[in-house]
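Chemist: Supplied in structure tokens, the structure appears directly below.
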Amino acid sequence: MSFSEILSGSEVGKQLDSMTKNERLPHAVVLESRDKTLAQKTAGEISKVFFCSGQNKPCGKCLGCMKAEKGIHPDLYRVDITDGKQSVGVGEIRSMISDCYIKPNEAVNKVYFISERMTAEAQNALLKILEEPPQNVKFVIITESSTLLLQTVRSRCTLFKLGDVSSTNENELNEKAFDAAKEIACAIPDNMELPLMLAVTKLSKDKALTQRTLEKLSEIICESIEEKYMPTGTRPQYIQDIARSLRRRSLLSLMDVVLKAQTMLSQNCNMNLLTTWLCANIRQSRHNKGGYNG
Ligand SMILES: [Zn+2]
């Protein structure tokens with residue numbers, strides 16, 4: 001099967017097919033899709049390309065292709081959330097990194113599928129290996145939204161957005177979400193509790209808006225983290241304010257709070273509970289007491 005077939009003739013599908021044909025498939029990709037099955041299928045096809053021992057990769061007939069098709073190839077590793085946890089932690093990433101230096105079992109390459117739900121610390125640990133991976137090591141990060149990833153991680157990978165997400169409704173939702181996220185972000189450095197509470201409780205009725213707002217909020221926090229590490233002075237004023245008024249640790253902990261809130265939302269938690277939790281934990285991160293509750 002070609003990528004075009006999997007992705008119903010979309011531009012992304014054609015792009016992936018042409019990269020495959022020219023043996024230019026990147027060593028680190030991010031697959032962004034709200035459709036998990038589609039993302040898994042595309043990731044599977046990528047692993048096939050890397051495991052295939054045939055001439056025209058993926059031939060679909062060799063042992064490598066067949067094992068990849070079934071998802072049972074011994075050189076395929078999944079870095080996923082373990083039982084009882086909300087996200088992939090730095091420990092899992094570190095053991096993956098040491099595994100990267102061990103030779104493949106059967107194929108020429110090793111392929112790692114990585115879950116998007118990583119703590120900020122785990123994502124930081126991932127940076128170096130993404131930049132300078134051992135030869136023949138490939139990474140596929142599968143995510144509902146690339147905003148769950150730190151900009152520094154995103155910039156080291158090639159992003160493929162699967163499925164069409166642009167429409168008027170989408171744009172409208174994006175704009176509303178951005179406004180809401182900005183309002184929350186601007187209230188973060190403020191020591192008054194009321195503005196933050198008002199901004200967050202506005203979300204409690206609309207799940208789709210909340211989901212998108214959390215995505216935008218994580219983008220804003222990512223940008224603030226970058227401003228903190230490498231101040232440009234040219235980013236929007238509110239980004240500069242957040243970067244200036246919060247410590248590095250507070251910003252990383254805020255990022256984790258937003259990621260956790262996204263997980264809670266995807267698990268259909270009660271919306272009022274979520275907004276209360278979010279308020280309390282943003283406040284706690286702001287004061288740099290480290291981590292969130294639970
Ligand atoms: Zn093959």
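In the structure tokens, chains take letters A, B, ... by order of appearance, with residues numbered from 1 within each chain and ligands from 1 in the order shown.
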From a DSSP calculation on the backbone, collect every residue of stretch 2-223 of chain A in strand (DSSP E) and output the set as a list in words.
Modeler: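 So the strand (DSSP E) residues in stretch 2-223 of chain A would be Ala28, Val29, Val30, Leu31, Glu32, Leu76, Tyr77, Arg78, Val79, Lys110, Val111, Tyr112, Phe113, Ile114, Ser115, Val137, Lys138, Phe139, Val140, Ile141, Ile142, Thr143, Thr158, Leu159, Phe160 and Lys161 of chain A.
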Chemist: Go through chain A and flag each residue having an atom no more than 12 Å from ligand 1; for those, report the closest pair of atoms plus their distance in Å to one decimal, using only C-alpha atoms and all ligand atoms, ordered by chain and rising number, as JSON lines.
Modeler:
{"residue": "A:Met1", "atom": "CA", "partner": "ligand 1", "partner_atom_place_in_ligand_line": "1 (Zn)", "distance": 11.3}
{"residue": "A:Glu45", "atom": "CA", "partner": "ligand 1", "partner_atom_place_in_ligand_line": "1 (Zn)", "distance": 10.8}
{"residue": "A:Ile46", "atom": "CA", "partner": "ligand 1", "partner_atom_place_in_ligand_line": "1 (Zn)", "distance": 11.6}
{"residue": "A:Ser47", "atom": "CA", "partner": "ligand 1", "partner_atom_place_in_ligand_line": "1 (Zn)", "distance": 10.5}
{"residue": "A:Lys48", "atom": "CA", "partner": "ligand 1", "partner_atom_place_in_ligand_line": "1 (Zn)", "distance": 7.0}
{"residue": "A:Val49", "atom": "CA", "partner": "ligand 1", "partner_atom_place_in_ligand_line": "1 (Zn)", "distance": 7.3}
{"residue": "A:Phe50", "atom": "CA", "partner": "ligand 1", "partner_atom_place_in_ligand_line": "1 (Zn)", "distance": 9.0}
{"residue": "A:Phe51", "atom": "CA", "partner": "ligand 1", "partner_atom_place_in_ligand_line": "1 (Zn)", "distance": 7.0}
{"residue": "A:Cys52", "atom": "CA", "partner": "ligand 1", "partner_atom_place_in_ligand_line": "1 (Zn)", "distance": 3.6}
{"residue": "A:Ser53", "atom": "CA", "partner": "ligand 1", "partner_atom_place_in_ligand_line": "1 (Zn)", "distance": 5.1}
{"residue": "A:Gly54", "atom": "CA", "partner": "ligand 1", "partner_atom_place_in_ligand_line": "1 (Zn)", "distance": 4.6}
{"residue": "A:Gln55", "atom": "CA", "partner": "ligand 1", "partner_atom_place_in_ligand_line": "1 (Zn)", "distance": 7.6}
{"residue": "A:Asn56", "atom": "CA", "partner": "ligand 1", "partner_atom_place_in_ligand_line": "1 (Zn)", "distance": 7.6}
{"residue": "A:Lys57", "atom": "CA", "partner": "ligand 1", "partner_atom_place_in_ligand_line": "1 (Zn)", "distance": 5.9}
{"residue": "A:Pro58", "atom": "CA", "partner": "ligand 1", "partner_atom_place_in_ligand_line": "1 (Zn)", "distance": 4.7}
{"residue": "A:Cys59", "atom": "CA", "partner": "ligand 1", "partner_atom_place_in_ligand_line": "1 (Zn)", "distance": 3.8}
{"residue": "A:Gly60", "atom": "CA", "partner": "ligand 1", "partner_atom_place_in_ligand_line": "1 (Zn)", "distance": 4.7}
{"residue": "A:Lys61", "atom": "CA", "partner": "ligand 1", "partner_atom_place_in_ligand_line": "1 (Zn)", "distance": 5.2}
{"residue": "A:Cys62", "atom": "CA", "partner": "ligand 1", "partner_atom_place_in_ligand_line": "1 (Zn)", "distance": 4.1}
{"residue": "A:Leu63", "atom": "CA", "partner": "ligand 1", "partner_atom_place_in_ligand_line": "1 (Zn)", "distance": 6.7}
{"residue": "A:Gly64", "atom": "CA", "partner": "ligand 1", "partner_atom_place_in_ligand_line": "1 (Zn)", "distance": 5.7}
{"residue": "A:Cys65", "atom": "CA", "partner": "ligand 1", "partner_atom_place_in_ligand_line": "1 (Zn)", "distance": 4.3}
{"residue": "A:Met66", "atom": "CA", "partner": "ligand 1", "partner_atom_place_in_ligand_line": "1 (Zn)", "distance": 7.4}
{"residue": "A:Lys67", "atom": "CA", "partner": "ligand 1", "partner_atom_place_in_ligand_line": "1 (Zn)", "distance": 9.6}
{"residue": "A:Ala68", "atom": "CA", "partner": "ligand 1", "partner_atom_place_in_ligand_line": "1 (Zn)", "distance": 9.2}
{"residue": "A:Glu69", "atom": "CA", "partner": "ligand 1", "partner_atom_place_in_ligand_line": "1 (Zn)", "distance": 10.0}
{"residue": "A:Ala107", "atom": "CA", "partner": "ligand 1", "partner_atom_place_in_ligand_line": "1 (Zn)", "distance": 10.7}
Chemist: Would you output that residue set with C-alpha atoms, as a CSV table (one decimal), in the first residue's frame?
Modeler:
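Output file result-v4.csv is given in full below:
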chain,number,residue,atom,x,y,z
A,1,MET,CA,0.0,0.0,0.0
A,45,GLU,CA,3.8,2.1,6.7
A,46,ILE,CA,6.9,4.2,7.6
A,47,SER,CA,8.3,1.3,9.7
A,48,LYS,CA,7.7,-0.9,6.7
A,49,VAL,CA,9.9,1.3,4.5
A,50,PHE,CA,12.7,1.1,7.1
A,51,PHE,CA,12.4,-2.7,7.7
A,52,CYS,CA,12.0,-3.7,4.1
A,53,SER,CA,14.8,-5.8,2.5
A,54,GLY,CA,13.3,-5.7,-1.0
A,55,GLN,CA,14.3,-3.5,-3.9
A,56,ASN,CA,11.3,-1.1,-4.1
A,57,LYS,CA,10.7,-0.3,-0.5
A,58,PRO,CA,8.2,-1.2,0.9
A,59,CYS,CA,7.9,-4.3,-1.3
A,60,GLY,CA,5.1,-5.6,1.0
A,61,LYS,CA,6.4,-9.2,0.4
A,62,CYS,CA,9.6,-9.6,2.4
A,63,LEU,CA,9.7,-10.8,6.0
A,64,GLY,CA,10.5,-7.3,7.2
A,65,CYS,CA,7.4,-5.9,5.5
A,66,MET,CA,5.2,-8.6,6.8
A,67,LYS,CA,6.3,-8.3,10.4
A,68,ALA,CA,6.0,-4.5,10.2
A,69,GLU,CA,2.5,-4.9,8.7
A,107,ALA,CA,16.6,-5.3,10.1
Chemist: Neighbours of stretch 196-201 of chain A within 8 Å (only C-alpha atoms; same-chain residues fewer than 2 positions away dropped), as a VMD selection string?
Modeler: chain A and resid 180 183 to 184 187 to 188 192 to 194 203 to 204 272 275 to 276 278 to 279
Chemist: Extract, using only C-alpha atoms, all DNA, RNA and protein residues at most 12 Å from A:Arg286, discarding same-chain residues fewer than 5 positions from it, and format them as JSON, numbers by chain.
Modeler: {"A": [185, 187, 188, 189, 190, 191, 192, 193, 196, 242, 243, 245, 246, 247, 248, 249, 250, 251, 252, 253, 254, 255, 257, 278, 279, 280, 281, 291, 292]}
Chemist: What are the closest atom pairs, with distances in Å to one decimal, for each residue of stretch 141-231 of chain A lying within 9 Å of stretch 26-41 of chain A, using only C-alpha atoms, rows by chain and rising residue number, as JSON lines?
Modeler:
{"residue": "A:Ile141", "atom": "CA", "partner": "A:Val30", "partner_atom": "CA", "distance": 4.7}
{"residue": "A:Ile142", "atom": "CA", "partner": "A:Leu31", "partner_atom": "CA", "distance": 4.9}
{"residue": "A:Thr143", "atom": "CA", "partner": "A:Glu32", "partner_atom": "CA", "distance": 5.0}
{"residue": "A:Glu144", "atom": "CA", "partner": "A:Arg34", "partner_atom": "CA", "distance": 4.9}
{"residue": "A:Ser145", "atom": "CA", "partner": "A:Glu32", "partner_atom": "CA", "distance": 5.7}
{"residue": "A:Ser146", "atom": "CA", "partner": "A:Glu32", "partner_atom": "CA", "distance": 6.1}
{"residue": "A:Arg154", "atom": "CA", "partner": "A:Val30", "partner_atom": "CA", "distance": 7.5}
{"residue": "A:Arg156", "atom": "CA", "partner": "A:Ala28", "partner_atom": "CA", "distance": 7.4}
{"residue": "A:Cys157", "atom": "CA", "partner": "A:Ala28", "partner_atom": "CA", "distance": 4.9}
{"residue": "A:Thr158", "atom": "CA", "partner": "A:Val29", "partner_atom": "CA", "distance": 4.7}
{"residue": "A:Leu159", "atom": "CA", "partner": "A:Val30", "partner_atom": "CA", "distance": 4.7}
{"residue": "A:Phe160", "atom": "CA", "partner": "A:Leu31", "partner_atom": "CA", "distance": 5.1}
{"residue": "A:Lys161", "atom": "CA", "partner": "A:Glu32", "partner_atom": "CA", "distance": 4.8}
{"residue": "A:Leu162", "atom": "CA", "partner": "A:Ser33", "partner_atom": "CA", "distance": 5.2}
{"residue": "A:Gly163", "atom": "CA", "partner": "A:Ser33", "partner_atom": "CA", "distance": 6.7}
{"residue": "A:Val165", "atom": "CA", "partner": "A:Ser33", "partner_atom": "CA", "distance": 8.9}
